[in-house]
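Raw start-v2.cif, mmCIF, C-alpha atoms:
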data_protein
loop_
_atom_site.label_atom_id
_atom_site.label_comp_id
_atom_site.auth_asym_id
_atom_site.auth_seq_id
_atom_site.Cartn_x
_atom_site.Cartn_y
_atom_site.Cartn_z
CA PRO A 105 123.31 112.90 69.87
CA ASP A 106 120.34 110.62 69.29
CA VAL A 107 121.23 108.31 72.19
CA LYS A 108 122.61 108.95 75.66
CA THR A 109 123.54 106.35 78.24
CA MET A 110 124.16 106.68 81.94
CA TRP A 111 125.90 104.03 84.00
CA ASN A 112 127.65 105.31 87.01
CA CYS A 113 125.92 103.51 89.87
CA VAL A 114 128.58 100.81 90.39
CA ASN A 115 131.31 103.20 91.47
CA GLU A 116 128.85 105.12 93.63
CA VAL A 117 127.91 101.96 95.50
CA GLY A 118 131.58 101.12 95.93
CA LYS A 119 132.25 104.58 97.34
CA GLY A 120 129.35 104.37 99.81
CA VAL A 121 127.16 107.03 98.22
CA ALA A 122 123.72 107.04 99.84
CA LEU A 123 120.98 105.64 97.60
CA ALA A 124 118.67 108.62 98.24
CA TYR A 125 121.42 111.05 97.20
CA TYR A 126 122.19 109.04 94.07
CA LEU A 127 118.53 108.82 93.04
CA ASN A 128 117.97 112.54 93.62
CA ASP A 129 121.06 113.35 91.57
CA ARG A 130 120.08 110.92 88.82
CA GLY A 131 116.57 112.36 88.72
CA LYS A 132 117.97 115.87 88.26
CA GLY A 133 120.24 114.66 85.49
CA LEU A 134 117.42 112.87 83.69
CA GLN A 135 115.19 115.89 84.06
CA THR A 136 117.84 118.08 82.45
CA LEU A 137 118.36 115.61 79.63
CA THR A 138 114.66 115.04 78.93
CA ARG A 139 114.06 118.79 78.76
CA GLY A 140 117.21 119.69 76.85
CA THR A 141 117.38 116.97 74.22
CA ASP A 142 115.22 114.62 72.17
CA ALA A 143 117.77 111.81 72.55
CA ALA A 144 116.70 108.37 73.67
CA LEU A 145 118.01 107.92 77.21
CA PHE A 146 119.26 104.62 78.61
CA LEU A 147 120.02 104.08 82.29
CA LEU A 148 121.98 100.97 83.25
CA ASN A 149 121.48 99.40 86.65
CA LEU A 150 123.66 97.33 88.96
CA PRO A 151 124.94 93.83 88.32
CA ASP A 152 124.85 91.21 91.07
CA LEU A 153 127.81 92.48 93.07
CA SER A 154 127.57 89.54 95.48
CA ILE A 155 129.41 87.51 92.84
CA LEU A 156 132.51 89.61 93.54
CA LEU A 157 132.59 88.78 97.26
CA PRO A 158 135.49 86.62 98.43
CA ALA A 159 134.90 82.88 98.32
CA ALA A 160 134.87 82.88 102.14
CA ALA A 161 131.76 85.09 102.24
CA ASP A 162 128.86 83.21 103.76
CA LEU A 163 125.28 83.05 102.49
CA PRO A 164 123.95 85.82 104.78
CA GLN A 165 126.67 88.19 103.50
CA ARG A 166 125.80 87.36 99.90
CA GLN A 167 122.09 87.82 100.57
CA LEU A 168 122.74 91.17 102.23
CA VAL A 169 124.63 92.42 99.16
CA GLN A 170 121.95 91.07 96.82
CA GLY A 171 119.28 92.86 98.87
CA GLY A 172 121.21 96.11 98.61
CA VAL A 173 121.57 95.69 94.85
CA ARG A 174 117.82 95.04 94.57
CA GLN A 175 117.13 98.26 96.51
CA TRP A 176 119.36 100.23 94.16
CA ASN A 177 117.88 98.62 91.06
CA ASP A 178 114.31 99.19 92.28
CA GLY A 179 115.19 102.84 92.96
CA ILE A 180 116.79 103.23 89.54
CA ALA A 181 113.70 101.72 87.89
CA ALA A 182 111.35 103.99 89.86
CA THR A 183 113.40 107.07 88.99
CA ALA A 184 113.45 106.17 85.30
CA ALA A 185 109.69 105.46 85.33
CA LYS A 186 109.01 109.10 86.23
CA PHE A 187 110.13 109.99 82.71
CA GLY A 188 107.93 107.48 80.90
CA LYS A 189 109.17 106.21 77.57
CA ARG A 190 111.94 108.80 77.45
CA VAL A 191 114.16 106.69 79.72
CA THR A 192 114.79 102.97 79.29
CA VAL A 193 116.42 100.94 82.05
CA VAL A 194 118.98 98.43 80.83
CA ASP A 195 118.85 95.53 83.29
CA ILE A 196 122.30 93.98 83.47
CA TYR A 197 121.61 92.03 86.66
CA PRO A 198 120.59 88.82 84.81
CA ILE A 199 123.87 88.59 82.90
CA SER A 200 126.07 89.26 85.94
CA PRO A 201 127.45 85.71 86.15
CA GLU A 202 128.46 85.82 82.47
CA VAL A 203 130.96 88.56 83.27
CA LEU A 204 131.56 88.78 87.01
CA ASP A 205 131.89 85.06 87.66
CA ARG A 206 134.59 84.69 85.02
CA PRO A 207 137.96 85.90 86.31
CA GLU A 208 139.37 86.09 82.79
CA LEU A 209 136.83 88.83 82.02
CA LEU A 210 137.79 90.95 85.05
CA SER A 211 140.66 93.40 85.33
CA ALA A 212 143.44 93.02 87.88
CA ASP A 213 141.38 94.89 90.49
CA GLY A 214 138.87 92.01 90.48
CA PHE A 215 136.03 94.50 90.10
CA HIS A 216 136.00 96.22 86.72
CA PRO A 217 135.57 94.17 83.55
CA ARG A 218 138.34 93.79 81.00
CA THR A 219 137.69 94.59 77.38
CA GLN A 220 136.06 91.18 76.81
CA GLY A 221 133.74 91.74 79.77
CA PHE A 222 132.74 95.17 78.53
CA ARG A 223 132.10 93.66 75.10
CA ARG A 224 129.56 91.28 76.65
CA LEU A 225 127.91 94.16 78.50
CA ALA A 226 127.90 96.21 75.30
CA GLY A 227 126.14 93.34 73.53
CA VAL A 228 123.32 93.46 76.07
CA VAL A 229 123.07 97.24 75.81
CA TRP A 230 123.09 97.06 72.00
CA GLY A 231 120.25 94.52 72.09
CA ILE A 232 118.16 96.90 74.19
CA PHE A 233 119.05 99.79 71.86
CA GLN A 234 117.94 97.73 68.86
CA ALA A 235 114.62 96.81 70.46
CA ARG A 236 113.87 100.32 71.75
CA LEU A 237 115.07 102.24 68.71
CA ASP A 238 114.06 99.68 66.08
CA LEU A 239 117.61 99.44 64.76
CA LYS A 240 118.89 96.87 62.31
CA ALA A 241 121.54 94.43 63.48
CA ALA A 242 124.32 96.48 61.90
CA ARG A 243 127.94 96.15 62.99
#

Turn the structure described in the file into structure tokens.
Amino acid sequence: PDVKTMWNCVNEVGKGVALAYYLNDRGKGLQTLTRGTDAALFLLNLPDLSILLPAAADLPQRQLVQGGVRQWNDGIAATAAKFGKRVTVVDIYPISPEVLDRPELLSADGFHPRTQGFRRLAGVVWGIFQARLDLKAAR
């Protein structure tokens, strides 16, 4: 394949995987991929998970979650940077409200996007692909 994407940090956060473990594992995976393929590699980061907190969550709780997300996203960016232009981070944090703050775009579990939510995320990823790979706006 010419393109490979990795986006598995959301479930890891939800399962309580330690950030250091995740980054070490991701670094090993990226090292394997950069050595074993010429594919363009894209690594998606975390959305603003504080949006998914219950309405009763207070500001300090929301800020705590946002701080944790920033730590993960900073770690993901630093890990990707070790591989130079071979790995591009796709920052989905800015579009979080467009998907996560719209119940009609979330599945019944209130966490994972429905098809329409994934379409919005795919649009962001496609835009990054186009810019990085100099692709035409084909459909």

| message | For this structure, which residues satisfy the selection - the PyMOL selection byres ((chain A and resi 152-157) around 9) - when it is evaluated on the file as given? I want them as JSON, numbers by chain. | response | {"A": [114, 150, 151, 158, 159, 160, 161, 165, 166, 167, 168, 169, 170, 173, 174, 196, 197, 198, 199, 200, 201, 204, 205, 214, 215]}

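Using only C-alpha atoms, the protein and nucleic acid residues lying no more than 12 Å from Cys113 of chain A, apart from those fewer than 3 places from it along its own chain, are Met110, Glu116, Val117, Gly118, Lys119, Gly120, Val121, Ala122, Leu123, Tyr125, Tyr126, Leu127, Asp129, Arg130, Leu147, Leu148, Asn149, Leu150, Pro151, Leu153, Val173, Trp176, Asn177, Gly179 and Ile180 of chain A.
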
Go ahead and write the residues just picked, C-alpha atoms, as an mmCIF file, keeping the file's coordinate frame.
data_model
loop_
_atom_site.group_PDB
_atom_site.id
_atom_site.type_symbol
_atom_site.label_atom_id
_atom_site.label_comp_id
_atom_site.auth_asym_id
_atom_site.auth_seq_id
_atom_site.Cartn_x
_atom_site.Cartn_y
_atom_site.Cartn_z
ATOM 1 C CA MET A 110 124.160 106.680 81.940
ATOM 2 C CA GLU A 116 128.850 105.120 93.630
ATOM 3 C CA VAL A 117 127.910 101.960 95.500
ATOM 4 C CA GLY A 118 131.580 101.120 95.930
ATOM 5 C CA LYS A 119 132.250 104.580 97.340
ATOM 6 C CA GLY A 120 129.350 104.370 99.810
ATOM 7 C CA VAL A 121 127.160 107.030 98.220
ATOM 8 C CA ALA A 122 123.720 107.040 99.840
ATOM 9 C CA LEU A 123 120.980 105.640 97.600
ATOM 10 C CA TYR A 125 121.420 111.050 97.200
ATOM 11 C CA TYR A 126 122.190 109.040 94.070
ATOM 12 C CA LEU A 127 118.530 108.820 93.040
ATOM 13 C CA ASP A 129 121.060 113.350 91.570
ATOM 14 C CA ARG A 130 120.080 110.920 88.820
ATOM 15 C CA LEU A 147 120.020 104.080 82.290
ATOM 16 C CA LEU A 148 121.980 100.970 83.250
ATOM 17 C CA ASN A 149 121.480 99.400 86.650
ATOM 18 C CA LEU A 150 123.660 97.330 88.960
ATOM 19 C CA PRO A 151 124.940 93.830 88.320
ATOM 20 C CA LEU A 153 127.810 92.480 93.070
ATOM 21 C CA VAL A 173 121.570 95.690 94.850
ATOM 22 C CA TRP A 176 119.360 100.230 94.160
ATOM 23 C CA ASN A 177 117.880 98.620 91.060
ATOM 24 C CA GLY A 179 115.190 102.840 92.960
ATOM 25 C CA ILE A 180 116.790 103.230 89.540
#

| Hits of the PyMOL selection byres ((chain A and resi 236) around 12) in this structure, as a ChimeraX atom specification | /A:107,144-146,189-194,229-235,237-240

| message | Starting from the PyMOL selection byres ((chain A and resi 203) around 9), expand the selection into actual residues of this file and give them as a list of chain:residue names. | response |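 That selection, the PyMOL selection byres ((chain A and resi 203) around 9), comes back as A:Ile199, A:Ser200, A:Pro201, A:Glu202, A:Leu204, A:Asp205, A:Arg206, A:Pro207, A:Glu208, A:Leu209, A:Leu210, A:Pro217, A:Gln220, A:Gly221, A:Phe222, A:Arg224, A:Leu225.
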
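As for atom CA of Asp142 of chain A and atom CA of Ala226 of chain A, they are spaced 22.6 Å apart.
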
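Pairwise distance (atom CA of Val228 of chain A, atom CA of Phe187 of chain A) equals 22.2 Å.
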
| Computed interatomic separation between atom CA of Leu134 of chain A and atom CA of Ala184 of chain A (Å) |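 Interatomic distance here is 8.0 Å.
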